[in-house]
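Q: My structure is in structure11.cif, and what it holds is mmCIF, C-alpha atoms (C1' of nucleotides):
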data_upload
loop_
_atom_site.label_atom_id
_atom_site.label_comp_id
_atom_site.auth_asym_id
_atom_site.auth_seq_id
_atom_site.Cartn_x
_atom_site.Cartn_y
_atom_site.Cartn_z
CA MET A 343 4.35 0.70 -21.94
CA VAL A 344 7.99 0.77 -21.12
CA THR A 345 9.94 -0.92 -23.85
CA GLY A 346 12.94 -1.86 -21.71
CA SER A 347 16.14 -3.60 -22.75
CA ASP A 348 18.59 -1.02 -23.95
CA PRO A 349 21.55 -3.23 -24.86
CA LEU A 350 24.39 -0.78 -24.67
CA VAL A 351 24.16 1.89 -22.03
CA GLY A 352 27.48 3.65 -22.22
CA ASP A 353 27.02 5.69 -19.09
CA ALA A 354 29.46 8.46 -18.48
CA ASN A 355 30.09 7.49 -14.87
CA THR A 356 30.65 3.91 -13.85
CA HIS A 357 32.25 4.67 -10.52
CA ASP A 358 32.34 2.18 -7.70
CA ASP A 359 30.10 2.52 -4.69
CA LYS A 360 31.78 5.24 -2.74
CA SER A 361 30.23 7.08 0.16
CA GLY A 362 27.69 9.64 -0.96
CA MET A 363 26.71 9.03 -4.53
CA PRO A 364 23.57 6.97 -5.14
CA ARG A 365 23.95 3.42 -6.39
CA GLN A 366 23.89 3.12 -10.13
CA THR A 367 20.27 2.65 -11.05
CA ARG A 368 21.22 -0.48 -13.00
CA ARG A 369 22.25 -2.21 -9.77
CA SER A 370 19.48 -0.84 -7.59
CA LEU A 371 17.26 -3.57 -6.18
CA PRO A 372 13.97 -1.64 -6.33
CA ILE A 373 14.64 -0.61 -9.92
CA SER A 374 15.79 -4.07 -10.93
CA LEU A 375 12.64 -5.55 -9.42
CA LEU A 376 10.53 -3.06 -11.32
CA ARG A 377 12.34 -3.66 -14.59
CA ALA A 378 12.00 -7.43 -14.24
CA ARG A 379 8.32 -7.06 -13.45
CA GLU A 380 7.72 -4.83 -16.45
CA SER A 381 9.51 -7.28 -18.67
CA VAL A 382 7.45 -10.21 -17.44
CA MET A 383 4.11 -8.42 -17.37
CA ALA A 384 4.61 -7.20 -20.92
CA LYS A 385 4.09 -10.84 -21.94
CA PHE A 386 0.88 -11.24 -19.94
CA ARG A 387 -0.89 -7.92 -20.35
CA PRO A 388 -2.04 -8.34 -23.98
CA MET A 389 -3.61 -11.70 -23.10
CA LEU A 390 -5.39 -10.25 -20.06
CA ALA A 391 -6.55 -7.27 -22.10
CA ARG A 392 -8.28 -9.62 -24.53
CA HIS A 393 -10.40 -10.72 -21.56
CA ASP A 394 -10.99 -7.13 -20.42
CA MET A 395 -8.82 -7.64 -17.38
CA ASN A 396 -5.93 -5.70 -15.95
CA GLU A 397 -3.24 -7.12 -13.67
CA GLN A 398 -4.89 -5.98 -10.48
CA GLN A 399 -8.29 -7.40 -11.35
CA TRP A 400 -6.68 -10.69 -12.32
CA ARG A 401 -4.87 -10.87 -8.98
CA VAL A 402 -8.09 -10.19 -7.05
CA ILE A 403 -10.11 -12.74 -8.98
CA ARG A 404 -7.44 -15.41 -8.65
CA ILE A 405 -7.08 -14.91 -4.91
CA LEU A 406 -10.83 -15.28 -4.50
CA GLY A 407 -10.76 -18.41 -6.62
CA GLU A 408 -7.97 -19.86 -4.48
CA SER A 409 -9.20 -18.86 -1.06
CA GLY A 410 -12.97 -18.52 -1.23
CA GLU A 411 -14.80 -15.78 0.61
CA LEU A 412 -12.59 -13.12 2.21
CA ASP A 413 -13.13 -9.78 3.86
CA ALA A 414 -11.79 -6.69 2.15
CA SER A 415 -8.69 -6.31 4.30
CA GLU A 416 -7.57 -9.89 3.79
CA LEU A 417 -8.24 -9.70 0.08
CA ALA A 418 -6.38 -6.41 -0.28
CA GLU A 419 -3.35 -7.75 1.58
CA ARG A 420 -3.19 -10.99 -0.37
CA ALA A 421 -3.78 -9.36 -3.76
CA LEU A 422 -1.23 -6.62 -3.02
CA VAL A 423 -3.79 -3.90 -3.65
CA LEU A 424 -4.47 -0.97 -1.35
CA SER A 425 -7.87 -0.78 0.33
CA PRO A 426 -9.04 2.34 -1.47
CA SER A 427 -8.12 0.79 -4.80
CA LEU A 428 -9.90 -2.41 -3.88
CA THR A 429 -13.07 -0.52 -2.95
CA ARG A 430 -13.18 0.97 -6.43
CA MET A 431 -12.32 -2.28 -8.15
CA LEU A 432 -15.06 -4.18 -6.33
CA LYS A 433 -17.68 -1.89 -7.83
CA SER A 434 -16.71 -2.65 -11.40
CA LEU A 435 -16.15 -6.35 -10.75
CA LYS A 436 -19.59 -6.53 -9.18
CA VAL A 437 -21.19 -4.81 -12.17
CA ARG A 438 -19.60 -7.50 -14.34
CA LYS A 439 -21.04 -10.12 -11.95
CA LEU A 440 -17.59 -11.63 -11.40
CA ILE A 441 -17.85 -11.25 -7.62
CA ALA A 442 -20.57 -11.07 -4.95
CA LEU A 443 -20.56 -8.91 -1.81
CA ARG A 444 -22.35 -9.35 1.50
CA LYS A 445 -22.13 -7.92 4.98
CA ASP A 446 -20.63 -9.99 7.79
CA LYS A 447 -23.50 -10.67 10.19
CA ASN A 448 -21.16 -11.03 13.17
CA ASP A 449 -19.19 -7.85 12.42
CA GLY A 450 -21.10 -5.09 10.68
CA ARG A 451 -17.92 -3.34 9.62
CA ARG A 452 -16.74 -6.13 7.38
CA THR A 453 -17.58 -6.69 3.73
CA LEU A 454 -17.28 -10.29 2.62
CA ILE A 455 -16.30 -10.87 -0.99
CA SER A 456 -16.65 -14.07 -2.99
CA ILE A 457 -16.29 -15.14 -6.57
CA THR A 458 -19.37 -15.97 -8.66
CA PRO A 459 -19.81 -18.83 -11.15
CA THR A 460 -19.29 -16.24 -13.88
CA GLY A 461 -16.03 -15.29 -12.21
CA LYS A 462 -14.94 -18.90 -12.05
CA ASP A 463 -15.76 -19.29 -15.74
CA LEU A 464 -13.48 -16.35 -16.50
CA ILE A 465 -10.67 -17.90 -14.47
CA ASN A 466 -11.11 -21.12 -16.38
CA GLU A 467 -10.90 -19.21 -19.65
CA ILE A 468 -7.78 -17.28 -18.78
CA SER A 469 -5.85 -19.92 -16.87
CA PRO A 470 -4.79 -22.10 -19.78
CA GLU A 471 -3.45 -19.11 -21.70
CA SER A 472 -1.70 -17.82 -18.62
CA ALA A 473 -0.21 -21.23 -17.91
CA GLN A 474 1.12 -21.44 -21.46
CA LEU A 475 2.80 -18.05 -21.21
CA TYR A 476 4.26 -19.10 -17.90
CA ARG A 477 5.63 -22.30 -19.39
CA ASP A 478 7.24 -20.30 -22.18
CA LEU A 479 8.82 -18.05 -19.62
CA GLU A 480 10.05 -20.95 -17.52
CA LYS A 481 11.47 -22.62 -20.58
CA ALA A 482 13.37 -19.49 -21.58
CA PHE A 483 14.65 -18.75 -18.12
CA GLY A 484 15.12 -22.27 -16.83
CA HIS A 485 12.98 -24.16 -14.37
CA ASP A 486 15.57 -24.46 -11.63
CA GLU A 487 16.63 -20.85 -12.05
CA MET A 488 13.01 -19.82 -11.72
CA GLU A 489 12.62 -21.78 -8.50
CA ARG A 490 15.76 -20.24 -7.07
CA LEU A 491 14.61 -16.78 -8.05
CA LEU A 492 11.22 -17.30 -6.39
CA ASP A 493 12.96 -18.47 -3.23
CA MET A 494 15.20 -15.42 -3.20
CA LEU A 495 12.28 -13.08 -3.79
CA GLU A 496 10.43 -14.69 -0.90
CA ALA A 497 13.49 -14.15 1.28
CA VAL A 498 13.71 -10.48 0.26
CA SER A 499 10.06 -10.00 1.15
CA LYS A 500 10.80 -11.15 4.67
CA VAL A 501 13.89 -9.04 5.30
CA MET B 972 0.64 0.73 1.89
CA VAL B 973 0.51 -3.01 1.71
CA THR B 974 1.65 -4.47 4.99
CA GLY B 975 2.92 -7.74 3.51
CA SER B 976 4.45 -10.68 5.37
CA ASP B 977 1.63 -12.87 6.57
CA PRO B 978 3.58 -15.58 8.37
CA LEU B 979 1.07 -18.40 8.32
CA VAL B 980 -1.11 -18.66 5.27
CA GLY B 981 -3.06 -21.86 5.70
CA ASP B 982 -4.57 -21.91 2.26
CA ALA B 983 -7.34 -24.38 1.69
CA ASN B 984 -5.88 -25.69 -1.56
CA THR B 985 -2.21 -26.51 -1.94
CA HIS B 986 -2.53 -28.58 -5.08
CA ASP B 987 0.37 -29.18 -7.43
CA ASP B 988 0.57 -27.48 -10.78
CA LYS B 989 -1.83 -29.50 -12.84
CA SER B 990 -3.07 -28.50 -16.26
CA GLY B 991 -5.72 -25.80 -16.07
CA MET B 992 -5.65 -24.19 -12.68
CA PRO B 993 -3.61 -21.04 -12.27
CA ARG B 994 -0.34 -21.23 -10.44
CA GLN B 995 -0.65 -20.56 -6.74
CA THR B 996 -0.22 -16.84 -6.37
CA ARG B 997 2.52 -17.43 -3.83
CA ARG B 998 4.71 -18.97 -6.54
CA SER B 999 3.78 -16.60 -9.33
CA LEU B 1000 6.76 -14.64 -10.61
CA PRO B 1001 4.91 -11.37 -11.29
CA ILE B 1002 3.31 -11.44 -7.86
CA SER B 1003 6.54 -12.42 -6.14
CA LEU B 1004 8.32 -9.56 -7.88
CA LEU B 1005 5.60 -7.18 -6.76
CA ARG B 1006 5.65 -8.44 -3.20
CA ALA B 1007 9.42 -8.16 -2.98
CA ARG B 1008 9.29 -4.66 -4.40
CA GLU B 1009 6.62 -3.58 -1.93
CA SER B 1010 8.64 -4.99 0.92
CA VAL B 1011 11.79 -3.15 -0.13
CA MET B 1012 10.12 0.14 -1.02
CA ALA B 1013 8.35 0.21 2.34
CA LYS B 1014 11.77 0.88 3.82
CA PHE B 1015 12.57 3.72 1.42
CA ARG B 1016 9.27 5.54 1.01
CA PRO B 1017 9.13 7.25 4.41
CA MET B 1018 12.61 8.66 3.86
CA LEU B 1019 11.74 9.92 0.40
CA ALA B 1020 8.50 11.40 1.71
CA ARG B 1021 10.46 13.50 4.18
CA HIS B 1022 12.07 15.10 1.13
CA ASP B 1023 8.72 15.50 -0.66
CA MET B 1024 9.67 12.86 -3.20
CA ASN B 1025 7.89 9.80 -4.44
CA GLU B 1026 9.59 6.79 -6.00
CA GLN B 1027 9.02 7.90 -9.55
CA GLN B 1028 10.37 11.39 -9.02
CA TRP B 1029 13.42 9.95 -7.28
CA ARG B 1030 14.07 7.66 -10.21
CA VAL B 1031 13.79 10.50 -12.71
CA ILE B 1032 16.05 12.81 -10.73
CA ARG B 1033 18.67 10.12 -10.19
CA ILE B 1034 18.77 9.18 -13.86
CA LEU B 1035 19.29 12.81 -14.80
CA GLY B 1036 22.03 13.09 -12.20
CA GLU B 1037 23.74 10.01 -13.63
CA SER B 1038 23.33 10.66 -17.31
CA GLY B 1039 23.05 14.39 -17.79
CA GLU B 1040 20.71 15.93 -20.34
CA LEU B 1041 18.29 13.48 -21.97
CA ASP B 1042 15.27 13.74 -24.22
CA ALA B 1043 11.92 12.70 -22.83
CA SER B 1044 11.81 9.30 -24.50
CA GLU B 1045 15.24 8.28 -23.23
CA LEU B 1046 14.45 9.51 -19.75
CA ALA B 1047 11.11 7.73 -19.65
CA GLU B 1048 12.67 4.46 -20.76
CA ARG B 1049 15.53 4.61 -18.30
CA ALA B 1050 13.40 5.73 -15.36
CA LEU B 1051 10.75 3.11 -16.14
CA VAL B 1052 8.02 5.72 -16.38
CA LEU B 1053 5.52 6.01 -19.20
CA SER B 1054 5.70 9.08 -21.41
CA PRO B 1055 2.35 10.53 -20.35
CA SER B 1056 3.33 10.17 -16.70
CA LEU B 1057 6.67 11.78 -17.36
CA THR B 1058 5.04 14.75 -19.08
CA ARG B 1059 3.00 15.42 -15.94
CA MET B 1060 5.92 14.85 -13.60
CA LEU B 1061 8.16 17.25 -15.50
CA LYS B 1062 5.73 20.08 -14.84
CA SER B 1063 5.87 19.71 -11.07
CA LEU B 1064 9.61 19.05 -11.01
CA LYS B 1065 10.13 22.19 -13.06
CA VAL B 1066 7.99 24.24 -10.67
CA ARG B 1067 10.25 23.03 -7.87
CA LYS B 1068 13.24 24.05 -10.01
CA LEU B 1069 14.74 20.58 -9.76
CA ILE B 1070 14.98 20.23 -13.53
CA ALA B 1071 15.29 22.47 -16.58
CA LEU B 1072 13.67 21.97 -19.98
CA ARG B 1073 14.67 23.20 -23.42
CA LYS B 1074 13.80 22.42 -26.99
CA ASP B 1075 16.25 20.51 -29.17
CA LYS B 1076 17.36 22.99 -31.84
CA ASN B 1077 18.11 20.24 -34.35
CA ASP B 1078 14.82 18.43 -33.81
CA GLY B 1079 11.90 20.59 -32.79
CA ARG B 1080 9.91 17.60 -31.60
CA ARG B 1081 12.29 16.77 -28.81
CA THR B 1082 12.29 18.15 -25.28
CA LEU B 1083 15.68 18.02 -23.57
CA ILE B 1084 15.64 17.64 -19.81
CA SER B 1085 18.49 18.32 -17.40
CA ILE B 1086 18.97 18.54 -13.67
CA THR B 1087 19.52 21.91 -11.99
CA PRO B 1088 21.95 22.75 -9.18
CA THR B 1089 18.95 22.66 -6.85
CA GLY B 1090 18.20 19.18 -8.11
CA LYS B 1091 21.78 18.09 -7.51
CA ASP B 1092 21.58 19.46 -4.00
CA LEU B 1093 18.51 17.34 -3.36
CA ILE B 1094 20.29 14.24 -4.66
CA ASN B 1095 23.17 14.99 -2.34
CA GLU B 1096 20.78 15.31 0.58
CA ILE B 1097 18.93 12.08 -0.10
CA SER B 1098 21.80 9.89 -1.24
CA PRO B 1099 23.46 9.30 2.12
CA GLU B 1100 20.18 8.28 3.72
CA SER B 1101 19.34 6.05 0.79
CA ALA B 1102 22.79 4.48 0.89
CA GLN B 1103 22.41 3.74 4.59
CA LEU B 1104 19.07 2.04 4.07
CA TYR B 1105 20.57 0.06 1.24
CA ARG B 1106 23.47 -1.04 3.42
CA ASP B 1107 21.00 -2.19 6.09
CA LEU B 1108 19.13 -4.15 3.46
CA GLU B 1109 22.31 -5.70 2.08
CA LYS B 1110 23.45 -6.61 5.56
CA ALA B 1111 20.15 -8.32 6.34
CA PHE B 1112 19.92 -10.14 3.03
CA GLY B 1113 23.58 -10.82 2.43
CA HIS B 1114 25.92 -9.10 -0.01
CA ASP B 1115 26.56 -12.10 -2.21
CA GLU B 1116 22.90 -13.07 -2.21
CA MET B 1117 22.05 -9.55 -3.28
CA GLU B 1118 24.51 -9.69 -6.15
CA ARG B 1119 23.13 -13.01 -7.31
CA LEU B 1120 19.59 -11.72 -7.10
CA LEU B 1121 20.46 -8.66 -9.16
CA ASP B 1122 22.07 -10.88 -11.78
CA MET B 1123 18.99 -13.08 -11.95
CA LEU B 1124 16.66 -10.11 -12.22
CA GLU B 1125 18.75 -8.75 -15.06
CA ALA B 1126 18.49 -12.11 -16.78
CA VAL B 1127 14.71 -12.16 -16.35
CA SER B 1128 14.46 -8.70 -17.87
CA LYS B 1129 16.13 -10.01 -21.02
CA VAL B 1130 14.05 -13.16 -21.46
"C1'" DG C 470 -24.05 0.57 30.86
"C1'" DG C 471 -21.47 4.44 28.90
"C1'" DT C 472 -17.46 6.65 27.17
"C1'" DA C 473 -12.96 6.30 24.89
"C1'" DT C 474 -10.41 3.85 21.83
"C1'" DT C 475 -9.64 0.86 18.10
"C1'" DT C 476 -10.77 -1.21 13.73
"C1'" DC C 477 -12.88 -1.77 8.93
"C1'" DA C 478 -14.35 0.19 5.07
"C1'" DT C 479 -15.19 4.06 2.30
"C1'" DT C 480 -14.50 8.70 0.46
"C1'" DA C 481 -11.61 12.53 -0.95
"C1'" DA C 482 -7.79 14.53 -3.31
"C1'" DC C 483 -4.03 14.26 -5.95
"C1'" DA C 484 -0.22 11.42 -8.40
"C1'" DT C 485 1.00 7.89 -11.53
"C1'" DG C 486 -0.32 3.78 -14.86
"C1'" DT C 487 -2.34 2.78 -19.20
"C1'" DT C 488 -4.22 3.07 -23.79
"C1'" DA C 489 -5.78 5.84 -27.53
"C1'" DA C 490 -6.00 10.03 -29.97
"C1'" DA C 491 -4.23 14.52 -31.26
"C1'" DT C 492 -0.49 17.70 -32.42
"C1'" DA C 493 3.50 19.10 -34.54
"C1'" DG C 494 7.88 18.52 -36.44
"C1'" DA C 495 10.98 15.37 -39.25
"C1'" DT C 496 11.66 12.16 -43.13
"C1'" DT C 497 10.65 9.69 -47.32
"C1'" DG C 498 9.42 9.15 -52.01
"C1'" DC C 499 8.03 10.93 -56.02
"C1'" DG D 905 8.86 21.03 -53.53
"C1'" DC D 906 5.12 18.55 -51.74
"C1'" DA D 907 2.13 14.90 -50.18
"C1'" DA D 908 2.35 10.82 -47.47
"C1'" DT D 909 4.38 8.73 -43.74
"C1'" DC D 910 6.80 8.37 -39.53
"C1'" DT D 911 8.26 10.01 -34.97
"C1'" DA D 912 8.34 12.62 -30.35
"C1'" DT D 913 5.55 14.59 -27.28
"C1'" DT D 914 1.39 15.99 -25.30
"C1'" DT D 915 -3.50 15.62 -24.13
"C1'" DA D 916 -7.54 13.00 -22.86
"C1'" DA D 917 -10.01 9.61 -20.29
"C1'" DC D 918 -10.27 6.33 -17.05
"C1'" DA D 919 -7.96 2.97 -13.59
"C1'" DT D 920 -5.00 2.24 -9.78
"C1'" DG D 921 -1.41 4.10 -6.12
"C1'" DT D 922 -1.06 6.79 -2.04
"C1'" DT D 923 -2.04 9.36 2.12
"C1'" DA D 924 -5.35 11.53 5.05
"C1'" DA D 925 -9.84 12.04 6.77
"C1'" DT D 926 -14.52 10.34 7.65
"C1'" DG D 927 -18.29 7.19 9.22
"C1'" DA D 928 -19.77 3.35 11.43
"C1'" DA D 929 -19.33 -0.66 14.15
"C1'" DA D 930 -16.73 -3.35 17.63
"C1'" DT D 931 -13.96 -3.54 21.74
"C1'" DA D 932 -11.76 -1.94 26.08
"C1'" DC D 933 -12.02 0.16 30.28
"C1'" DC D 934 -14.02 1.83 34.23
#
Show me, as structure tokens, the structure contained in the file I just sent.

A:
Amino acid sequence: MVTGSDPLVGDANTHDDKSGMPRQTRRSLPISLLRARESVMAKFRPMLARHDMNEQQWRVIRILGESGELDASELAERALVLSPSLTRMLKSLKVRKLIALRKDKNDGRRTLISITPTGKDLINEISPESAQLYRDLEKAFGHDEMERLLDMLEAVSKV
Amino acid sequence: MVTGSDPLVGDANTHDDKSGMPRQTRRSLPISLLRARESVMAKFRPMLARHDMNEQQWRVIRILGESGELDASELAERALVLSPSLTRMLKSLKVRKLIALRKDKNDGRRTLISITPTGKDLINEISPESAQLYRDLEKAFGHDEMERLLDMLEAVSKV
DNA sequence: GGTATTTCATTAACATGTTAAATAGATTGC
DNA sequence: GCAATCTATTTAACATGTTAATGAAATACC
């Protein structure tokens, strides 16, 4: 885990953005996005771990709960997981009986993935805890600020 | 790579945020942060790859260029890399002579890491390309919007 | 209809993410 | 001074990230 939040960072060089030098990492968008994500996920990971879930598995399970049966490509894209990672994850999720796999009869290349009742039960276990953590976060950050941030992040994703 | 940006996502369920169900993934902060990051990094990764660099290595090298010699813990925290990952990365960066390692004489537990002239040369090669990509991004997203987004991300990191 | 091309999923190989344990050097308390 | 404790780093083990290659099925083209 990255601990984050180093209050005083008296860097030697605080130059302005001149030609060649790289942007200060503190004002780099990719790094700021990563830092924010780490900070937020640090609040959720311990809860997920108590349910033997990691972030990626939780994303996959949720997407399936939201959208129903999907093929692997669709699921990978929506869950922001790469196909090779998804292939490996599906094995362990299947062993835990959280998902079910079947072949598409109309297109033999496709694997169709759906959530099982056991998987839905797990979602129903985790969701209230997740929602509570999210409410805490929204309370600390501000509801309207949160909405604005989500809008801006959506806009960045489309640039 | 995640392709991202699926323009029309006709989800079956677009319910409001009632008690138990998890927030729609499209409005989840962790997922939105991840999606935005993927979208941005997709623009930078090919350029870094041409210099045989991945994101993590680029972060580590930049931090060292900014801050000078650091011990492993400081470097890991600032570069948002976990200590075990950093340990492995330092080996390959040392083989490429981009960094130099030495033991702290006052505290035998600490490893001090610094950038080499070769490492500085690499930063000077990559920086102009990175800066150009960043300018493109800022132009597309808007300078003021970008500044506001960075401020909000910093605020989220401190919640 | 048969070949070339494209597409979906998986496998391979190596890097990083993540948690826990091990190692070794510093610090504390007596 | 020494045992107990704490701290910085590394190692271990397994999961996911990433790119390239493979295998198999669908589609395009003629």

Q: Applied to the shown file, which residues does the PyMOL selection byres ((chain C) within 8 of (chain A)) return, written as a list of chain:residue names?

A: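 Applying the expression gives C:DC477, C:DA478, C:DT479, C:DT487.
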
Q: I'd like the residues picked by the PyMOL selection byres ((chain D) within 10 of (chain A)) written out as a PDB file with C-alpha atoms (C1' of nucleotides), in the coordinates of the input, using the chain letters and numbers from the file.

A:
ATOM      1  C1'  DA D 919      -7.960   2.970 -13.590  1.00  0.00           C
ATOM      2  C1'  DT D 920      -5.000   2.240  -9.780  1.00  0.00           C
ATOM      3  C1'  DG D 921      -1.410   4.100  -6.120  1.00  0.00           C
ATOM      4  C1'  DT D 922      -1.060   6.790  -2.040  1.00  0.00           C
ATOM      5  C1'  DA D 928     -19.770   3.350  11.430  1.00  0.00           C
ATOM      6  C1'  DA D 929     -19.330  -0.660  14.150  1.00  0.00           C
ATOM      7  C1'  DA D 930     -16.730  -3.350  17.630  1.00  0.00           C
TER       8       DA D 930
END

Q: Between A:Ser374, A:Gln399, A:Thr460, A:Ser434, single out the one closest to chain B, counting all atoms listed in the file.

A: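 The shortest atom-to-atom distance to chain B comes from A:Ser374.
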
Q: If I wrap all listed atoms of range 1079-1085 of chain B in a box with edges along x, y and z and add 6 Å on each side, what are its centre and edge lengths in Å to one decimal, as AutoDock Vina command-line options?

A:
--center_x 14.2 --center_y 18.7 --center_z -25.1 --size_x 20.6 --size_y 15.8 --size_z 27.4

Q: Measure the distance from CA of Met494 in chain A to CA of Arg1008 in chain B in Å and round it to one decimal.

A: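 Between CA of Met494 in chain A and CA of Arg1008 in chain B the gap works out to 12.3 Å.
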
Q: When distances are computed from all atoms listed in the file, which of B:Leu1041, B:Val1031, B:Val1130, B:Leu1072 shows the smallest separation from Asp478 in chain A?

A: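 Nearest candidate to Asp478 in chain A out of B:Leu1041, B:Val1031, B:Val1130, B:Leu1072: B:Val1130.
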
Q: Record the distance separating CA of Met389 in chain A and CA of Gly461 in chain A, expressed in Å with one decimal.

A: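 It comes out at 16.9 Å.
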
Q: List the residues selected by the PyMOL selection byres ((chain C and resi 488) around 10) in the file shown, writing them as a list in words.

A: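 Applying the PyMOL selection byres ((chain C and resi 488) around 10) to the structure shown produces Met343 of chain A; DG486, DT487, DA489 and DA490 of chain C; DA917 and DC918 of chain D.
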
Q: Find the residue from B:Leu1046, B:Ile1032, B:Leu1061, B:Leu1005 that sits nearest to chain A; use all atoms listed in the file when measuring.

A: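 Smallest distance to chain A is found for B:Leu1005.
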
Q: Quick one: everything within 7 Å of Ile457 in chain A, counting all atoms listed in the file, minus sequence neighbours fewer than 3 positions away in the same chain. Send it as number ranges by chain.

A: A: 406-407, 440-442, 461-462

Q: Could you work out how far CA of Lys1068 in chain B lies from CA of Glu1096 in chain B, giving the answer in Å with one decimal?

A: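 Calculated distance between CA of Glu1096 in chain B and CA of Lys1068 in chain B is 15.7 Å.
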
Q: Using only C-alpha atoms (C1' of nucleotides), which residue out of D:DT931, D:DG905, D:DA916, D:DT926 lies closest to DT476 in chain C?

A: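 Smallest distance to DT476 in chain C is found for D:DT931.
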
Q: Check the smallest atom-to-atom distance from each of B:Leu1004, B:Met1024, B:Ala1013, B:Leu1104 to DA484 in chain C using all atoms listed in the file, then report the winner.

A: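 Comparing B:Leu1004, B:Met1024, B:Ala1013, B:Leu1104 against DA484 in chain C, the winner is B:Met1024.
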
Q: Calculated over only C-alpha atoms, which of the candidates B:Gln1103, B:Ser1128, B:Ser999, B:Thr1087 has the smallest distance to chain A?

A: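 Smallest distance to chain A is found for B:Ser1128.
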
Q: Give me the residues within 12 Å of DC933 in chain D as number ranges by chain, counting all atoms listed in the file and dropping any in the same chain fewer than 6 places off.

A: C: 471-474
